[in-house]
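Report on the structure given below.
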Amino acid sequence: MKERLAASYWLHESHYTALSSPTVTERRRAAMERFEAEGFPTVRHEDWKYTPLKKILKEDYALSSPFSAQDDAEPIEFKDIKRYLVNDIDCYRVVFINGRYSAWLSETTHQGFDVCTLGSAWKKYKDQVEPHFGRLTETLGATVQLNTALAWDGLYVRVPDHVTLDKPIQALYFTTGDQPMFTQTRSLILLGEGAKAEIIERHQSLTSSASWTNAVDEVFMGAQSHLHWVKLQHDEASAALTQHSVIEQKRDSHATVHTISTDGKFLRNNLDFKLTEPGAESRMFGLSLADGQQLVDHHTRVDHLAPHCTSRENYKGIFDGQSNGVFNGQIHVHVDAQKTLAFQENDNLILSEKASIDTKPQLEIFADDVKCSHGCTVGQLDEDALFYLRARGIQRKEAQALLMLAFAHDAVADIQHPSLQAKLHRLIGNKLGVDMSAVV
Amino acid sequence: MRGKLCPVSEQDQILNEVTSSEYKYGFYTDVESDKVPPGLNEDVIRMISAKKNEPEWMTEWRLDAFKIWQGMAEPEWANVHYKKPDFQAISYYSAPKKKQINGLDEVDPELLKTFEKLGISLDEQKRLTGVAMDVVVDSVSVATTFKKTLAEKGIIFCSMSEAIQEYPELIKKYLGTVVPKTDNFYAALNSAVFTDGSFCYIPKGVRCPMELSTYFRINESGTGQFERTLVVADESSYVSYLEGCTAPQRDENQLHAAVVELVAMDDAEIKYSTVQNWFPGDAEGKGGVFNFVTKRGICERGAKISWTQVETGSAVTWKYPSCILKGDNSVGEFYSVAVTNNYQQADTGTKMIHLGKNTKSTIVSKGISAGHSHNSYRGLVRMGPRAINARNFSQCDSLLMGDRCGAHTFPYIEVKHPSARMEHEATTSKIGEDQIFYCQQRGLDMEAAIALIVNGYCKDVLNQLPMEFAVEAQKLLAISLEGSVG
């Protein structure tokens, strides 16, 4: 697999670097060389200790590339994707199919701000893209390097200073076809000073054959900017996703990221925040509902590089069947990042004998005037609470679901749109096999 | 703020004592040593074994360990940075020359003076404290006391070399069962070259009437210290074991790679307490002891092992006292205070491996870092697929003093059973200015206030120590943190 990917890069390098300047070409090359040297990480690698990537490496993937012929055999129509959209919120929509932008299904804009694709931004806004592309990802792991070398399209958003987006952006990445598909997607989000944006993102496979999306996102947030990002991960049981998002925050900016993972065979999320100027605040929430053979992995890392920054983190997990849950939360408080406030919480419920949880909250602190804490629990539903509900005539299953919903509440409470909230509640209900409208 | 805190007058006294002190125990005793040339190969191991008059099986055991060690690499994963010791530049055996002694009169007067300076005069220990001492100076036991009192109860407490001669069956049965030769780089090295240590066996149903205690002391420039301790508590017995260490001041780094094995049979209880105060290096981070220790205990049904440690010394510490909770209803505990100052580095913590049903473990770890030091907690709580109703509570707090030190936490948690319950919490902060203000307002100076607050912060752990140790530990805390506030 590694050799094939490397070969396809070196053979077609000119396609990947057609639009880039020598600097970026060099960056892609260096990334490919690093990937070749390191190869895919194994469980001997500390960051992948509990997440065996070899589970998904054995498929014979086709690589989606800029020069492969458009797959017209089965065109995707709006009706095929309608049910995966958040329909009742008016949104900008950027749709990709097997990594290729679908103009037909999308609704982009350049009026006052840019919501389009990275591919077209390379042509149109080269001076914007060039200095940012790959800047935050240079030192990251092999899967990210692979993406830096091979990625050619993804979401591009640029919001100028003091502009607020009039409606949220929906980014949808679909995979289709009978053949196992390996897709690299790359997004770049640039928020100016005081800019505000909201993104709802979803990766979805439309087929039952295996797929693997390796996504990398770079986000640059100017002073006092706001970003709200919701990642929905309810994919097919054959789909795998590895995603690494890096967010750099300037003075007094606020970023909130929700990651809701309910379905998909293999989910690996890396979420990195770099707080480079005072007053920046990061909040991340995660909810994992796993069963069957699922593996849900959340790796987060917050680098407090400047004083007076705040980070809050709350991840909840419910694991049933033979699922595996992995959590690793790193907080690095660098020298002189005084008055840092960092809080991290990871709570887990195990429901079955075969499910397992490996969690590792991690603090690394180099400044003294800080308040950092983490809490982590693994346990079961409270029998007394269950008894209380059952004594009031609620069936066991519903009572359990109700308690789990309450357990999960913290992780979804901050999502702004009531309709999205309701959708999530329905999803959680479906997952637990209970009609939530009957209970709540 | 009550309990075992020292009264203010005593704190003044401590501070007076420490204001001038560099490293109080940093003196060097000139005792002629019987020493093998530096280097490590099969011949050296045979020579050590021969000098100690060991049986053939023991020599083979060592050589086997040496073969395993040769195939291993030094561990790199710990969060510590140091110049790796040159294993061929260490002398692996050094023993004070006089070996045959029948009483204190025959002990080298230089050595006796050393003990006096350390405040552990054997006579006094014998008469006043009722603590039996197995004093280890440079790897060979020189004096053992109270043996007869213990012998009446059937308790064996002797040096490891003596145990190999006298109780080969017990040693064969238990040595290397908890920490196998293959366990890690330093455990393998220790298995190959260990020179002495302590052995303790408590028979069925016996409650050991006194605290068993060993004072380790590294002496003789350029010799590594490879101690091997084995404590076996038979069914329903109880023992409390104390270990305390001081080392002379030295410029070059000294390597210490000890192995401690505890076996707690059904319903037995072992309490193992350590105060570690080896030379931490000077204020510029020069010199100091490398402390790479493997400590592990195994609990059978209903047994309990409790580790308590106060770590204030050593330039580099790499130490994870662990419990394997194999039997149903067994209990593991870990209480730790680790203090680092100047350029010290400590990577310490515990492993609690829950295998049996209804097993319980508690972890309380308090780290204090000052100066340019780095203090890491690294722990593992694993609840296996058969650990029904396993329960764990972990708390690791870090206190930072000064803006150039670091505190790190690496807790690994692996849970494989739905009925397991585990909680982990960690905090990092500095001493509250309002707390210091409160103390100062009541007439305490800055250092006394800090000593008071730090002692309060460590109270949960210090309370676990036996009385004699608790007092010493409080003084050590104050000494270790001296000069870190300003």
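Identifiers in the structure tokens: chain A, B, ... in order shown; residue index from 1 per chain; ligand index from 1 in order shown.
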Tell me the residues of chain A close to chain B, meaning within 7 Å using only C-alpha atoms, as number ranges by chain.
A: 350-380
Next, write the just-selected residues to a file, as a PDB file, in the first residue's frame, keeping N, CA and C atoms as the atom set.
```
ATOM      1  N   ILE A 350     -19.397   1.572  29.841  1.00  0.00           N
ATOM      2  CA  ILE A 350     -19.228   0.304  29.118  1.00  0.00           C
ATOM      3  C   ILE A 350     -20.479  -0.523  29.338  1.00  0.00           C
ATOM      4  N   LEU A 351     -21.061  -1.007  28.246  1.00  0.00           N
ATOM      5  CA  LEU A 351     -22.324  -1.734  28.379  1.00  0.00           C
ATOM      6  C   LEU A 351     -22.177  -3.236  28.166  1.00  0.00           C
ATOM      7  N   SER A 352     -21.090  -3.682  27.588  1.00  0.00           N
ATOM      8  CA  SER A 352     -21.011  -5.124  27.320  1.00  0.00           C
ATOM      9  C   SER A 352     -19.651  -5.679  27.703  1.00  0.00           C
ATOM     10  N   GLU A 353     -19.618  -6.993  27.811  1.00  0.00           N
ATOM     11  CA  GLU A 353     -18.402  -7.666  28.288  1.00  0.00           C
ATOM     12  C   GLU A 353     -17.252  -7.553  27.303  1.00  0.00           C
ATOM     13  N   LYS A 354     -17.586  -7.413  26.019  1.00  0.00           N
ATOM     14  CA  LYS A 354     -16.536  -7.434  25.010  1.00  0.00           C
ATOM     15  C   LYS A 354     -16.026  -6.031  24.669  1.00  0.00           C
ATOM     16  N   ALA A 355     -16.741  -5.019  25.126  1.00  0.00           N
ATOM     17  CA  ALA A 355     -16.317  -3.660  24.789  1.00  0.00           C
ATOM     18  C   ALA A 355     -15.127  -3.274  25.657  1.00  0.00           C
ATOM     19  N   SER A 356     -14.304  -2.369  25.159  1.00  0.00           N
ATOM     20  CA  SER A 356     -13.167  -1.949  25.961  1.00  0.00           C
ATOM     21  C   SER A 356     -12.856  -0.469  25.738  1.00  0.00           C
ATOM     22  N   ILE A 357     -12.209   0.100  26.714  1.00  0.00           N
ATOM     23  CA  ILE A 357     -11.877   1.524  26.659  1.00  0.00           C
ATOM     24  C   ILE A 357     -10.422   1.704  27.053  1.00  0.00           C
ATOM     25  N   ASP A 358      -9.703   2.455  26.256  1.00  0.00           N
ATOM     26  CA  ASP A 358      -8.331   2.806  26.604  1.00  0.00           C
ATOM     27  C   ASP A 358      -8.235   4.318  26.593  1.00  0.00           C
ATOM     28  N   THR A 359      -8.007   4.875  27.736  1.00  0.00           N
ATOM     29  CA  THR A 359      -8.008   6.332  27.774  1.00  0.00           C
ATOM     30  C   THR A 359      -6.759   6.847  28.457  1.00  0.00           C
ATOM     31  N   LYS A 360      -6.297   7.974  27.994  1.00  0.00           N
ATOM     32  CA  LYS A 360      -5.051   8.522  28.496  1.00  0.00           C
ATOM     33  C   LYS A 360      -5.118  10.047  28.473  1.00  0.00           C
ATOM     34  N   PRO A 361      -5.625  10.636  29.535  1.00  0.00           N
ATOM     35  CA  PRO A 361      -5.589  12.083  29.613  1.00  0.00           C
ATOM     36  C   PRO A 361      -4.168  12.492  29.989  1.00  0.00           C
ATOM     37  N   GLN A 362      -3.669  13.503  29.406  1.00  0.00           N
ATOM     38  CA  GLN A 362      -2.244  13.788  29.580  1.00  0.00           C
ATOM     39  C   GLN A 362      -2.007  15.290  29.736  1.00  0.00           C
ATOM     40  N   LEU A 363      -1.288  15.646  30.779  1.00  0.00           N
ATOM     41  CA  LEU A 363      -0.969  17.063  30.997  1.00  0.00           C
ATOM     42  C   LEU A 363       0.539  17.234  30.932  1.00  0.00           C
ATOM     43  N   GLU A 364       1.000  18.237  30.208  1.00  0.00           N
ATOM     44  CA  GLU A 364       2.426  18.567  30.247  1.00  0.00           C
ATOM     45  C   GLU A 364       2.542  20.066  30.475  1.00  0.00           C
ATOM     46  N   ILE A 365       3.080  20.400  31.626  1.00  0.00           N
ATOM     47  CA  ILE A 365       2.975  21.789  32.054  1.00  0.00           C
ATOM     48  C   ILE A 365       4.339  22.376  32.376  1.00  0.00           C
ATOM     49  N   PHE A 366       4.636  23.510  31.749  1.00  0.00           N
ATOM     50  CA  PHE A 366       5.937  24.152  31.922  1.00  0.00           C
ATOM     51  C   PHE A 366       5.805  25.559  32.495  1.00  0.00           C
ATOM     52  N   ALA A 367       4.640  25.912  32.992  1.00  0.00           N
ATOM     53  CA  ALA A 367       4.473  27.233  33.583  1.00  0.00           C
ATOM     54  C   ALA A 367       3.826  27.034  34.943  1.00  0.00           C
ATOM     55  N   ASP A 368       4.069  27.927  35.881  1.00  0.00           N
ATOM     56  CA  ASP A 368       3.596  27.607  37.233  1.00  0.00           C
ATOM     57  C   ASP A 368       2.260  28.223  37.613  1.00  0.00           C
ATOM     58  N   ASP A 369       1.921  29.386  37.050  1.00  0.00           N
ATOM     59  CA  ASP A 369       0.701  30.034  37.514  1.00  0.00           C
ATOM     60  C   ASP A 369      -0.473  29.610  36.639  1.00  0.00           C
ATOM     61  N   VAL A 370      -0.849  28.351  36.758  1.00  0.00           N
ATOM     62  CA  VAL A 370      -1.875  27.817  35.868  1.00  0.00           C
ATOM     63  C   VAL A 370      -2.879  27.013  36.674  1.00  0.00           C
ATOM     64  N   LYS A 371      -4.046  26.825  36.099  1.00  0.00           N
ATOM     65  CA  LYS A 371      -5.000  25.902  36.700  1.00  0.00           C
ATOM     66  C   LYS A 371      -5.366  24.874  35.653  1.00  0.00           C
ATOM     67  N   CYS A 372      -4.885  23.679  35.844  1.00  0.00           N
ATOM     68  CA  CYS A 372      -5.165  22.637  34.863  1.00  0.00           C
ATOM     69  C   CYS A 372      -5.698  21.430  35.605  1.00  0.00           C
ATOM     70  N   SER A 373      -6.704  20.823  35.042  1.00  0.00           N
ATOM     71  CA  SER A 373      -7.173  19.607  35.681  1.00  0.00           C
ATOM     72  C   SER A 373      -7.759  18.688  34.639  1.00  0.00           C
ATOM     73  N   HIS A 374      -7.726  17.420  34.922  1.00  0.00           N
ATOM     74  CA  HIS A 374      -8.486  16.512  34.081  1.00  0.00           C
ATOM     75  C   HIS A 374      -9.156  15.457  34.948  1.00  0.00           C
ATOM     76  N   GLY A 375     -10.270  15.015  34.464  1.00  0.00           N
ATOM     77  CA  GLY A 375     -10.989  13.975  35.166  1.00  0.00           C
ATOM     78  C   GLY A 375     -11.355  12.923  34.158  1.00  0.00           C
ATOM     79  N   CYS A 376     -11.393  11.697  34.597  1.00  0.00           N
ATOM     80  CA  CYS A 376     -11.664  10.625  33.660  1.00  0.00           C
ATOM     81  C   CYS A 376     -12.370   9.513  34.422  1.00  0.00           C
ATOM     82  N   THR A 377     -13.467   9.034  33.897  1.00  0.00           N
ATOM     83  CA  THR A 377     -14.160   7.958  34.590  1.00  0.00           C
ATOM     84  C   THR A 377     -14.560   6.875  33.606  1.00  0.00           C
ATOM     85  N   VAL A 378     -14.676   5.669  34.122  1.00  0.00           N
ATOM     86  CA  VAL A 378     -15.253   4.565  33.368  1.00  0.00           C
ATOM     87  C   VAL A 378     -16.221   3.890  34.328  1.00  0.00           C
ATOM     88  N   GLY A 379     -17.431   3.657  33.892  1.00  0.00           N
ATOM     89  CA  GLY A 379     -18.365   3.042  34.826  1.00  0.00           C
ATOM     90  C   GLY A 379     -19.631   2.564  34.130  1.00  0.00           C
ATOM     91  N   GLN A 380     -20.685   2.416  34.921  1.00  0.00           N
ATOM     92  CA  GLN A 380     -21.955   1.938  34.400  1.00  0.00           C
ATOM     93  C   GLN A 380     -23.052   2.911  34.801  1.00  0.00           C
TER      94      GLN A 380
END
```
Neighbour list for region 336-339 of chain B as a short mmCIF file (atom, residue, chain, number, x, y, z; two decimals) with C-alpha atoms, in the first residue's frame, cut-off 10 Å, only C-alpha atoms, skip fewer than 6 positions in-chain:
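Result file selection.cif:
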```cif
data_model
loop_
_atom_site.label_atom_id
_atom_site.label_comp_id
_atom_site.auth_asym_id
_atom_site.auth_seq_id
_atom_site.Cartn_x
_atom_site.Cartn_y
_atom_site.Cartn_z
CA SER B 273 7.51 2.19 52.61
CA THR B 274 10.40 4.02 51.01
CA VAL B 275 12.11 7.28 51.75
CA GLN B 276 14.58 7.99 48.99
CA TRP B 307 3.40 0.98 48.44
CA THR B 308 4.24 4.28 50.05
CA GLN B 309 7.09 6.35 48.78
CA VAL B 310 8.64 9.72 49.45
CA GLU B 311 11.06 10.54 46.66
CA THR B 312 13.18 13.60 47.18
CA GLY B 313 16.62 12.60 45.90
CA THR B 317 14.33 8.71 38.83
CA PRO B 321 6.07 0.30 42.02
CA GLN B 345 14.03 14.68 36.78
CA ALA B 346 11.53 12.15 38.00
CA ASP B 347 9.34 9.85 35.93
CA THR B 348 7.43 7.83 38.46
CA GLY B 349 4.06 6.28 39.03
CA THR B 350 2.48 2.89 39.32
CA ILE B 363 -3.54 5.64 43.71
CA VAL B 364 -2.65 8.92 45.37
CA SER B 365 0.28 10.69 43.79
CA LYS B 366 1.52 14.12 44.79
CA GLY B 367 4.23 15.73 42.70
CA ILE B 368 6.06 18.89 43.59
CA SER B 369 8.42 20.49 41.11
CA ALA B 370 10.64 23.49 41.74
CA SER B 373 13.16 20.25 37.46
CA HIS B 374 10.71 17.98 35.68
CA ASN B 375 8.31 15.73 37.46
CA SER B 376 6.18 13.21 35.59
CA TYR B 377 3.47 10.87 36.78
CA CYS B 396 -2.58 12.76 40.87
CA ASP B 397 -1.90 16.31 41.84
CA SER B 398 1.03 18.44 40.85
CA LEU B 399 2.30 21.53 42.57
CA TYR B 457 -0.70 19.06 50.51
CA CYS B 458 1.21 15.80 51.07
CA LYS B 459 -0.70 14.83 54.20
CA ASP B 460 -2.66 12.03 52.51
CA VAL B 461 0.58 10.27 51.69
CA LEU B 462 2.61 11.11 54.78
CA GLN B 464 0.43 6.34 55.37
CA ALA B 473 9.92 12.63 55.47
CA LEU B 476 13.20 15.91 53.87
CA LEU B 477 10.44 17.82 52.14
CA SER B 480 14.45 19.48 49.32
CA LEU B 481 12.47 22.61 48.65
#
```
Got a sec to tell me which of region 325-477 of chain B DSSP assigns to helix (DSSP H, G or I), as a PDB file with N, CA and C atoms, in the first residue's frame?
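Contents of part_32.pdb, freshly written:
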```pdb
ATOM      1  N   GLU B 433      -1.753  32.269  46.405  1.00  0.00           N
ATOM      2  CA  GLU B 433      -1.195  33.442  47.066  1.00  0.00           C
ATOM      3  C   GLU B 433      -1.976  33.777  48.330  1.00  0.00           C
ATOM      4  N   ASP B 434      -3.283  33.487  48.302  1.00  0.00           N
ATOM      5  CA  ASP B 434      -4.087  33.784  49.484  1.00  0.00           C
ATOM      6  C   ASP B 434      -3.708  32.874  50.649  1.00  0.00           C
ATOM      7  N   GLN B 435      -3.313  31.626  50.330  1.00  0.00           N
ATOM      8  CA  GLN B 435      -2.878  30.722  51.401  1.00  0.00           C
ATOM      9  C   GLN B 435      -1.607  31.246  52.055  1.00  0.00           C
ATOM     10  N   ILE B 436      -0.649  31.678  51.211  1.00  0.00           N
ATOM     11  CA  ILE B 436       0.603  32.201  51.756  1.00  0.00           C
ATOM     12  C   ILE B 436       0.328  33.464  52.562  1.00  0.00           C
ATOM     13  N   PHE B 437      -0.530  34.292  52.009  1.00  0.00           N
ATOM     14  CA  PHE B 437      -0.871  35.538  52.698  1.00  0.00           C
ATOM     15  C   PHE B 437      -1.454  35.256  54.079  1.00  0.00           C
ATOM     16  N   TYR B 438      -2.337  34.269  54.122  1.00  0.00           N
ATOM     17  CA  TYR B 438      -2.971  33.898  55.388  1.00  0.00           C
ATOM     18  C   TYR B 438      -1.913  33.513  56.420  1.00  0.00           C
ATOM     19  N   CYS B 439      -0.944  32.676  55.996  1.00  0.00           N
ATOM     20  CA  CYS B 439       0.097  32.224  56.916  1.00  0.00           C
ATOM     21  C   CYS B 439       1.000  33.381  57.325  1.00  0.00           C
ATOM     22  N   GLN B 440       1.351  34.200  56.370  1.00  0.00           N
ATOM     23  CA  GLN B 440       2.265  35.310  56.670  1.00  0.00           C
ATOM     24  C   GLN B 440       1.622  36.290  57.644  1.00  0.00           C
ATOM     25  N   GLN B 441       0.356  36.489  57.447  1.00  0.00           N
ATOM     26  CA  GLN B 441      -0.398  37.385  58.314  1.00  0.00           C
ATOM     27  C   GLN B 441      -0.342  36.929  59.764  1.00  0.00           C
ATOM     28  N   MET B 446       7.956  33.376  54.812  1.00  0.00           N
ATOM     29  CA  MET B 446       7.633  32.744  53.539  1.00  0.00           C
ATOM     30  C   MET B 446       7.975  31.253  53.529  1.00  0.00           C
ATOM     31  N   GLU B 447       9.201  30.929  53.924  1.00  0.00           N
ATOM     32  CA  GLU B 447       9.625  29.524  53.849  1.00  0.00           C
ATOM     33  C   GLU B 447       8.809  28.636  54.783  1.00  0.00           C
ATOM     34  N   ALA B 448       8.550  29.139  55.968  1.00  0.00           N
ATOM     35  CA  ALA B 448       7.760  28.356  56.923  1.00  0.00           C
ATOM     36  C   ALA B 448       6.349  28.154  56.382  1.00  0.00           C
ATOM     37  N   ALA B 449       5.828  29.194  55.737  1.00  0.00           N
ATOM     38  CA  ALA B 449       4.479  29.096  55.182  1.00  0.00           C
ATOM     39  C   ALA B 449       4.440  28.037  54.095  1.00  0.00           C
ATOM     40  N   ILE B 450       5.454  28.065  53.228  1.00  0.00           N
ATOM     41  CA  ILE B 450       5.501  27.083  52.139  1.00  0.00           C
ATOM     42  C   ILE B 450       5.623  25.673  52.712  1.00  0.00           C
ATOM     43  N   ALA B 451       6.520  25.516  53.710  1.00  0.00           N
ATOM     44  CA  ALA B 451       6.705  24.187  54.309  1.00  0.00           C
ATOM     45  C   ALA B 451       5.388  23.682  54.889  1.00  0.00           C
ATOM     46  N   LEU B 452       4.665  24.589  55.528  1.00  0.00           N
ATOM     47  CA  LEU B 452       3.387  24.219  56.136  1.00  0.00           C
ATOM     48  C   LEU B 452       2.385  23.784  55.065  1.00  0.00           C
ATOM     49  N   ILE B 453       2.305  24.566  54.002  1.00  0.00           N
ATOM     50  CA  ILE B 453       1.314  24.283  52.958  1.00  0.00           C
ATOM     51  C   ILE B 453       1.674  22.995  52.223  1.00  0.00           C
ATOM     52  N   VAL B 454       2.974  22.829  51.950  1.00  0.00           N
ATOM     53  CA  VAL B 454       3.403  21.619  51.242  1.00  0.00           C
ATOM     54  C   VAL B 454       3.138  20.378  52.093  1.00  0.00           C
ATOM     55  N   ASN B 455       3.418  20.490  53.385  1.00  0.00           N
ATOM     56  CA  ASN B 455       3.146  19.353  54.257  1.00  0.00           C
ATOM     57  C   ASN B 455       1.660  19.020  54.292  1.00  0.00           C
ATOM     58  N   GLY B 456       0.840  20.050  54.253  1.00  0.00           N
ATOM     59  CA  GLY B 456      -0.600  19.824  54.218  1.00  0.00           C
ATOM     60  C   GLY B 456      -1.015  19.151  52.926  1.00  0.00           C
ATOM     61  N   TYR B 457      -0.397  19.603  51.839  1.00  0.00           N
ATOM     62  CA  TYR B 457      -0.699  19.065  50.509  1.00  0.00           C
ATOM     63  C   TYR B 457      -0.337  17.578  50.428  1.00  0.00           C
ATOM     64  N   LYS B 459      -0.246  15.518  52.992  1.00  0.00           N
ATOM     65  CA  LYS B 459      -0.702  14.829  54.199  1.00  0.00           C
ATOM     66  C   LYS B 459      -1.255  13.434  53.921  1.00  0.00           C
ATOM     67  N   ASP B 460      -2.035  13.325  52.840  1.00  0.00           N
ATOM     68  CA  ASP B 460      -2.659  12.035  52.513  1.00  0.00           C
ATOM     69  C   ASP B 460      -1.622  10.928  52.398  1.00  0.00           C
ATOM     70  N   VAL B 461      -0.458  11.277  51.870  1.00  0.00           N
ATOM     71  CA  VAL B 461       0.578  10.271  51.687  1.00  0.00           C
ATOM     72  C   VAL B 461       1.386  10.088  52.960  1.00  0.00           C
ATOM     73  N   LEU B 462       1.780  11.203  53.570  1.00  0.00           N
ATOM     74  CA  LEU B 462       2.609  11.111  54.777  1.00  0.00           C
ATOM     75  C   LEU B 462       1.895  10.335  55.879  1.00  0.00           C
ATOM     76  N   MET B 467       5.377   5.938  61.767  1.00  0.00           N
ATOM     77  CA  MET B 467       5.705   7.142  62.530  1.00  0.00           C
ATOM     78  C   MET B 467       7.145   7.637  62.322  1.00  0.00           C
ATOM     79  N   GLU B 468       8.121   6.731  62.456  1.00  0.00           N
ATOM     80  CA  GLU B 468       9.524   7.162  62.384  1.00  0.00           C
ATOM     81  C   GLU B 468       9.816   7.815  61.041  1.00  0.00           C
ATOM     82  N   PHE B 469       9.250   7.211  60.011  1.00  0.00           N
ATOM     83  CA  PHE B 469       9.497   7.714  58.674  1.00  0.00           C
ATOM     84  C   PHE B 469       8.796   9.039  58.426  1.00  0.00           C
ATOM     85  N   ALA B 470       7.621   9.177  58.981  1.00  0.00           N
ATOM     86  CA  ALA B 470       6.825  10.369  58.714  1.00  0.00           C
ATOM     87  C   ALA B 470       7.579  11.620  59.133  1.00  0.00           C
ATOM     88  N   VAL B 471       8.244  11.544  60.301  1.00  0.00           N
ATOM     89  CA  VAL B 471       8.981  12.698  60.809  1.00  0.00           C
ATOM     90  C   VAL B 471      10.133  13.024  59.861  1.00  0.00           C
ATOM     91  N   GLU B 472      10.864  11.965  59.502  1.00  0.00           N
ATOM     92  CA  GLU B 472      11.997  12.157  58.601  1.00  0.00           C
ATOM     93  C   GLU B 472      11.544  12.719  57.254  1.00  0.00           C
ATOM     94  N   ALA B 473      10.418  12.204  56.777  1.00  0.00           N
ATOM     95  CA  ALA B 473       9.922  12.630  55.472  1.00  0.00           C
ATOM     96  C   ALA B 473       9.558  14.112  55.477  1.00  0.00           C
ATOM     97  N   GLN B 474       8.957  14.563  56.573  1.00  0.00           N
ATOM     98  CA  GLN B 474       8.598  15.979  56.644  1.00  0.00           C
ATOM     99  C   GLN B 474       9.837  16.850  56.574  1.00  0.00           C
ATOM    100  N   LYS B 475      10.897  16.426  57.283  1.00  0.00           N
ATOM    101  CA  LYS B 475      12.137  17.198  57.241  1.00  0.00           C
ATOM    102  C   LYS B 475      12.727  17.196  55.838  1.00  0.00           C
ATOM    103  N   LEU B 476      12.664  16.032  55.219  1.00  0.00           N
ATOM    104  CA  LEU B 476      13.205  15.913  53.869  1.00  0.00           C
ATOM    105  C   LEU B 476      12.509  16.850  52.904  1.00  0.00           C
ATOM    106  N   LEU B 477      11.196  16.938  53.023  1.00  0.00           N
ATOM    107  CA  LEU B 477      10.440  17.821  52.140  1.00  0.00           C
ATOM    108  C   LEU B 477      10.941  19.243  52.277  1.00  0.00           C
TER     109      LEU B 477
END
```
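Within 6 Å of Ser322 (chain B), once only C-alpha atoms are used and residues closer than 6 positions along the same chain are dropped, the contacting residues are Arg296, Thr350, Lys351 and Met352 of chain B.
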Could you write those residues out with N, CA and C atoms, as a tab-separated table (two decimals), in the first residue's frame?
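Listed below is the output, part_9.tsv:
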```tsv
chain	number	residue	atom	x	y	z
B	296	ARG	N	7.76	-4.50	42.10
B	296	ARG	CA	6.47	-5.06	41.73
B	296	ARG	C	6.03	-6.07	42.78
B	350	THR	N	2.77	4.26	38.93
B	350	THR	CA	2.48	2.89	39.32
B	350	THR	C	1.71	2.17	38.24
B	351	LYS	N	1.66	0.86	38.37
B	351	LYS	CA	0.79	0.06	37.50
B	351	LYS	C	-0.11	-0.76	38.39
B	352	MET	N	-1.38	-0.73	38.12
B	352	MET	CA	-2.32	-1.58	38.85
B	352	MET	C	-2.96	-2.50	37.81
```
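You will find CA of Thr59 (chain B) at 10.5 Å from CA of Ser191 (chain B).
For Met47 (chain B), the set of protein, DNA and RNA residues having any atom at most 12 Å away, when counting only C-alpha atoms and skipping those fewer than 4 positions along the same chain, is Lys35, Val36, Pro37, Gly39, Leu40, Asn41, Glu42, Asp43, Lys51, Lys52, Asn53, Glu54, Thr59, Arg62, Leu63, Tyr92, Tyr93, Ser94, Ala192, Val193 and Thr195 of chain B.
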Pairwise distance for CA of Leu386 (chain A) and CA of His298 (chain A), rounded to one decimal in Å
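Distance reported for this atom pair: 29.0 Å.
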State, in Å with one decimal place, the distance from CA of His425 (chain A) to CA of Glu236 (chain A).
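That distance, rounded to one decimal, is 19.1 Å.
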Considering only C-alpha atoms, state which residue in the set A:Leu191, A:Met181, A:Ala239, A:Ala7 is at the smallest distance from His203 (chain A).
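Among the listed residues, A:Ala239 lies closest to His203 (chain A).
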Which residues are near Asn346 (chain A)? Cut-off 6 Å, only C-alpha atoms, ignore same chain within fewer than 4 positions. Put them as an NGL selection string.
:A and (314-316 or 376)
Write out the residues from the selection above, keeping C-alpha atoms, as a short mmCIF file (atom, residue, chain, number, x, y, z; two decimals), in the first residue's frame.
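See out07.cif below for the written result:
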```cif
data_model
loop_
_atom_site.label_atom_id
_atom_site.label_comp_id
_atom_site.auth_asym_id
_atom_site.auth_seq_id
_atom_site.Cartn_x
_atom_site.Cartn_y
_atom_site.Cartn_z
CA ASN A 314 -15.62 17.34 27.41
CA TYR A 315 -15.77 13.92 25.76
CA LYS A 316 -18.40 11.31 26.50
CA CYS A 376 -11.66 10.63 33.66
#
```
Give me the residues within 10 Å of Glu33 (chain A) as a PyMOL selection string, counting only C-alpha atoms and dropping any in the same chain fewer than 4 places off.
chain A and resi 6+27-29+37-39+142+145-146+149
Among region 213-320 of chain B, which ones does DSSP assign to strand (DSSP E) (computed from the backbone)? Answer as an MDAnalysis selection string.
chainID B and resid 213:217 227:233 238:246 254:256 259:264 269:277 289:299 304:311 316:319
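Considering only C-alpha atoms, the residue among A:Leu381, A:Ala237, A:Met404, A:Ile169 positioned nearest to Trp212 (chain A) is A:Ala237.
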